[in-house]
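Participant: One structure coming up, written as structure tokens, with questions to follow.
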Amino acid sequence: MALRPIDNSLPIAPERPKKHVKVVSVPIQKQSEVGVNDENKAPLPDSTIDYISSDDLKPISDPESKIQGLIERLDSKDWTKVCESLNNARRFALYHSSLLLPFLEKVMSVVVKAMKNPRSALIKTSIMASSDIFYAFGDQLLDSTSDAFDSLLLQLLLKASQDKKFVCEEADRALNALVKSMTPLPLLNKLKLYVSHVNLRIRAKAAISISNFVSKMGLEGMNEFGLVSLVQVAADLLNDRLPEAREAARRTVISIYEAYTGNEEQKQEEWQNFCQSSLPPIHAQSIVKITSSSR
């Protein structure tokens with residue numbers, strides 16, 4: 001049998017020329033250019049924005065001629081100008097509050113809008129502005145004919161309940177300023193609405209604010225609000241899923257107990273009877289247990 005010539009082997013397929021991939025360079029935007037906001041970190045220093053404490057704010061020279069310009073700049077599309085205007089609004093609130101009062105609802109609406117903005121600078125500045133507004137105007141904020149104050153309160157509870165440290169801390173300071181600057185009764189009626197909020201953390205922050213208010217009230221103020229209603233709110237929060245809400249409820253119960261009894265031993269039975277007549281048995285038992293252990 002004849003051998004097969006080597007040349008009869010299958011031909012090797014010629015190598016196809018490689019295609020050259022066209023690389024298109026895409027410019028990478030920096031964080032500052034796209035406005036990315038990592039609120040889990042403190043806001044980065046910004047050469048155009050100063051975070052000024054209230055103590056370092058100065059009065060405005062010739063405020064009468066500048067108040068209208070302030071309101072116009074609050075509507076600016078330039079966020080840096082809005083930050084600057086919010087700082088000026090803080091100065092008006094602290095030193096020229098009578099001039100700012102006619103525009104207060106407008107200023108509060110801008111503060112709320114800034115809190116919803118993704119920019120850290122606007123969030124922080126707006127929360128700082130709310131603190132100064134609370135200190136300057138106090139109960140006057142409740143005279144608002146719009147929902148500006150209610151929107152502001154909700155935004156602060158939202159910001160204080162977030163897992164974003166610098167936002168949470170600043171909002172907590174603002175809520176503390178609110179407690180210190182307002183009489184308890186009218187604000188308690190507003191905060192009471194939030195202890196049944198679907199958001200657990202909003203409930204907890206509302207519970208903490210209520211506890212802070214109740215600690216400042218005497219028995220007369222508690223009766224004016226509704227002592228039974230106050231005890232019922234605290235009893236419901238004792239079973240909340242978040243420990244912050246439960247602890248705030250315990251503090252509220254102790255404040256009510258101390259105001260009711262004056263820590264007098266002869267009033268213990270009266271306190272127990274009050275709890276049993278105002279609450280379901282299991283809640284009354286929890287309340288009495290807390291107050292008995294606090295003596």
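So you can find residues: chains in the structure tokens are A, B, ... in the order shown, residues in each start at 1, and ligands are numbered from 1 in order.
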At a cut-off of 10 Å, using only C-alpha atoms, what residues contact Glu220 of chain A? Leave out same-chain residues fewer than 6 positions from it and give the result as a list in words.
Facilitator: Gly226, Leu227, Ala259 and Tyr260 of chain A
Participant: Using only C-alpha atoms, which protein or nucleic acid residues come within 6 Å of segment 179-196 of chain A? Drop anything in the same chain fewer than 3 positions from it, and give the result as an MDAnalysis selection string.
Facilitator: chainID A and resid 135 138:139 176 203 206 213
Participant: Filtering to all heavy atoms, could you give me those residues as a PDB file, in the first residue's frame?
Facilitator:
```pdb
ATOM      1  N   TYR A 135     -35.210  78.934  68.380  1.00  0.00           N
ATOM      2  CA  TYR A 135     -34.815  79.773  69.507  1.00  0.00           C
ATOM      3  C   TYR A 135     -35.372  81.191  69.374  1.00  0.00           C
ATOM      4  O   TYR A 135     -35.761  81.822  70.364  1.00  0.00           O
ATOM      5  CB  TYR A 135     -33.288  79.828  69.616  1.00  0.00           C
ATOM      6  CG  TYR A 135     -32.672  78.612  70.266  1.00  0.00           C
ATOM      7  CD1 TYR A 135     -31.641  77.903  69.650  1.00  0.00           C
ATOM      8  CD2 TYR A 135     -33.103  78.159  71.510  1.00  0.00           C
ATOM      9  CE1 TYR A 135     -31.068  76.780  70.240  1.00  0.00           C
ATOM     10  CE2 TYR A 135     -32.544  77.039  72.105  1.00  0.00           C
ATOM     11  CZ  TYR A 135     -31.526  76.358  71.478  1.00  0.00           C
ATOM     12  OH  TYR A 135     -30.981  75.261  72.068  1.00  0.00           O
ATOM     13  N   GLY A 138     -39.898  80.513  68.789  1.00  0.00           N
ATOM     14  CA  GLY A 138     -40.626  79.693  69.752  1.00  0.00           C
ATOM     15  C   GLY A 138     -42.060  79.424  69.350  1.00  0.00           C
ATOM     16  O   GLY A 138     -42.361  78.971  68.242  1.00  0.00           O
ATOM     17  N   ASP A 139     -42.986  79.740  70.259  1.00  0.00           N
ATOM     18  CA  ASP A 139     -44.401  79.429  70.042  1.00  0.00           C
ATOM     19  C   ASP A 139     -45.018  80.186  68.878  1.00  0.00           C
ATOM     20  O   ASP A 139     -46.095  79.807  68.394  1.00  0.00           O
ATOM     21  CB  ASP A 139     -45.194  79.731  71.311  1.00  0.00           C
ATOM     22  CG  ASP A 139     -44.879  78.761  72.442  1.00  0.00           C
ATOM     23  OD1 ASP A 139     -44.340  77.678  72.143  1.00  0.00           O
ATOM     24  OD2 ASP A 139     -45.170  79.089  73.603  1.00  0.00           O
ATOM     25  N   ASN A 176     -33.778  69.209  70.088  1.00  0.00           N
ATOM     26  CA  ASN A 176     -33.546  69.665  71.459  1.00  0.00           C
ATOM     27  C   ASN A 176     -33.804  71.168  71.577  1.00  0.00           C
ATOM     28  O   ASN A 176     -34.349  71.645  72.578  1.00  0.00           O
ATOM     29  CB  ASN A 176     -32.120  69.337  71.900  1.00  0.00           C
ATOM     30  CG  ASN A 176     -31.925  67.860  72.181  1.00  0.00           C
ATOM     31  OD1 ASN A 176     -32.871  67.168  72.539  1.00  0.00           O
ATOM     32  ND2 ASN A 176     -30.712  67.369  72.018  1.00  0.00           N
ATOM     33  N   ARG A 203     -41.035  57.068  65.109  1.00  0.00           N
ATOM     34  CA  ARG A 203     -41.729  56.847  66.381  1.00  0.00           C
ATOM     35  C   ARG A 203     -40.784  57.045  67.554  1.00  0.00           C
ATOM     36  O   ARG A 203     -41.129  57.684  68.553  1.00  0.00           O
ATOM     37  CB  ARG A 203     -42.306  55.430  66.434  1.00  0.00           C
ATOM     38  CG  ARG A 203     -43.482  55.199  65.524  1.00  0.00           C
ATOM     39  CD  ARG A 203     -44.396  54.117  66.093  1.00  0.00           C
ATOM     40  NE  ARG A 203     -43.734  52.854  66.349  1.00  0.00           N
ATOM     41  CZ  ARG A 203     -43.727  51.822  65.494  1.00  0.00           C
ATOM     42  NH1 ARG A 203     -44.305  51.941  64.316  1.00  0.00           N
ATOM     43  NH2 ARG A 203     -43.136  50.699  65.819  1.00  0.00           N
ATOM     44  N   ALA A 206     -39.893  60.748  68.040  1.00  0.00           N
ATOM     45  CA  ALA A 206     -41.038  61.444  68.612  1.00  0.00           C
ATOM     46  C   ALA A 206     -41.184  61.100  70.096  1.00  0.00           C
ATOM     47  O   ALA A 206     -41.477  61.968  70.924  1.00  0.00           O
ATOM     48  CB  ALA A 206     -42.310  61.079  67.851  1.00  0.00           C
ATOM     49  N   PHE A 213     -40.158  66.733  76.817  1.00  0.00           N
ATOM     50  CA  PHE A 213     -41.187  67.714  77.157  1.00  0.00           C
ATOM     51  C   PHE A 213     -41.834  67.396  78.503  1.00  0.00           C
ATOM     52  O   PHE A 213     -41.993  68.266  79.359  1.00  0.00           O
ATOM     53  CB  PHE A 213     -42.272  67.759  76.080  1.00  0.00           C
ATOM     54  CG  PHE A 213     -42.027  68.791  75.020  1.00  0.00           C
ATOM     55  CD1 PHE A 213     -41.938  68.426  73.700  1.00  0.00           C
ATOM     56  CD2 PHE A 213     -41.884  70.130  75.347  1.00  0.00           C
ATOM     57  CE1 PHE A 213     -41.714  69.369  72.713  1.00  0.00           C
ATOM     58  CE2 PHE A 213     -41.666  71.086  74.377  1.00  0.00           C
ATOM     59  CZ  PHE A 213     -41.579  70.713  73.053  1.00  0.00           C
TER      60      PHE A 213
END
```
Participant: Give me, as a PyMOL selection string, all polymer residues having an atom no more than 12 Å from Asp50 of chain A, counting only C-alpha atoms and skipping those fewer than 5 positions away in the same chain.
Facilitator: chain A and resi 43-45+56-57+80-81+83-88+121-122+124-125+128
Participant: Which value, in Å to one decimal, gives the distance between atom CA of Arg91 of chain A and atom CA of Ile60 of chain A?
Facilitator: 6.8 Å
Participant: With only C-alpha atoms as the counted atoms, please give the residues lying no more than 10 Å from Val231 of chain A, apart from itself and same-chain residues fewer than 2 positions off, as a ChimeraX atom specification.
Facilitator: /A:222,226-229,233-237,249,252-253,256-257,274-275,278-279,283-284,287
Participant: Looking at only C-alpha atoms, which of A:Ser294, A:Gln285, A:Gln68, A:Thr261 is the one that sits closest to Phe92 of chain A?
Facilitator: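 The shortest atom-to-atom distance to Phe92 of chain A comes from A:Gln68.
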Participant: Using only C-alpha atoms for the distances, tell me which of A:Glu269, A:Asp240, A:Glu169, A:Glu105 is nearest to Asp150 of chain A.
Facilitator: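 Of A:Glu269, A:Asp240, A:Glu169, A:Glu105, the one nearest Asp150 of chain A, counting only C-alpha atoms, is A:Glu105.
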Participant: With only C-alpha atoms as the basis for distance, which of A:Ile49, A:Ala245, A:Leu219, A:Leu178 is at the shortest distance from Leu141 of chain A?
Facilitator: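 When distances to Leu141 of chain A are compared using only C-alpha atoms, the smallest one comes from A:Leu178.
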Participant: Just give me the gap between atom CA of Arg90 of chain A and atom CA of Ala171 of chain A in Å, one decimal is fine.
Facilitator: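 According to the coordinates, atom CA of Arg90 of chain A and atom CA of Ala171 of chain A are separated by 16.0 Å.
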Participant: Excluding segment 115-118 of chain A and its own-chain neighbours fewer than 3 positions away, which residues fall within 12 Å of it when counting only C-alpha atoms? Please give them as a PyMOL selection string.
Facilitator: chain A and resi 34-39+43+79+82-83+86+108-112+121-130+151-160+167+170-171
Participant: Write out as a ChimeraX atom specification all residues of segment 31-189 of chain A that backbone DSSP assigns to alpha helix (DSSP H).
Facilitator: /A:31-34,63-74,79-95,97-100,104-115,120-137,148-160,165-181,184-189
Participant: When distances are computed from only C-alpha atoms, which of A:Lys205, A:Leu101, A:Glu258, A:Glu247 shows the smallest separation from Asp143 of chain A?
Facilitator: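 Ranking A:Lys205, A:Leu101, A:Glu258, A:Glu247 by distance to Asp143 of chain A, first place goes to A:Leu101.
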Participant: Given only C-alpha atoms as the basis, pick out the residue of A:Asn212, A:Ser144, A:Gln268, A:Ser292 nearest to Phe103 of chain A.
Facilitator: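 Smallest separation from Phe103 of chain A among the options: A:Ser144.
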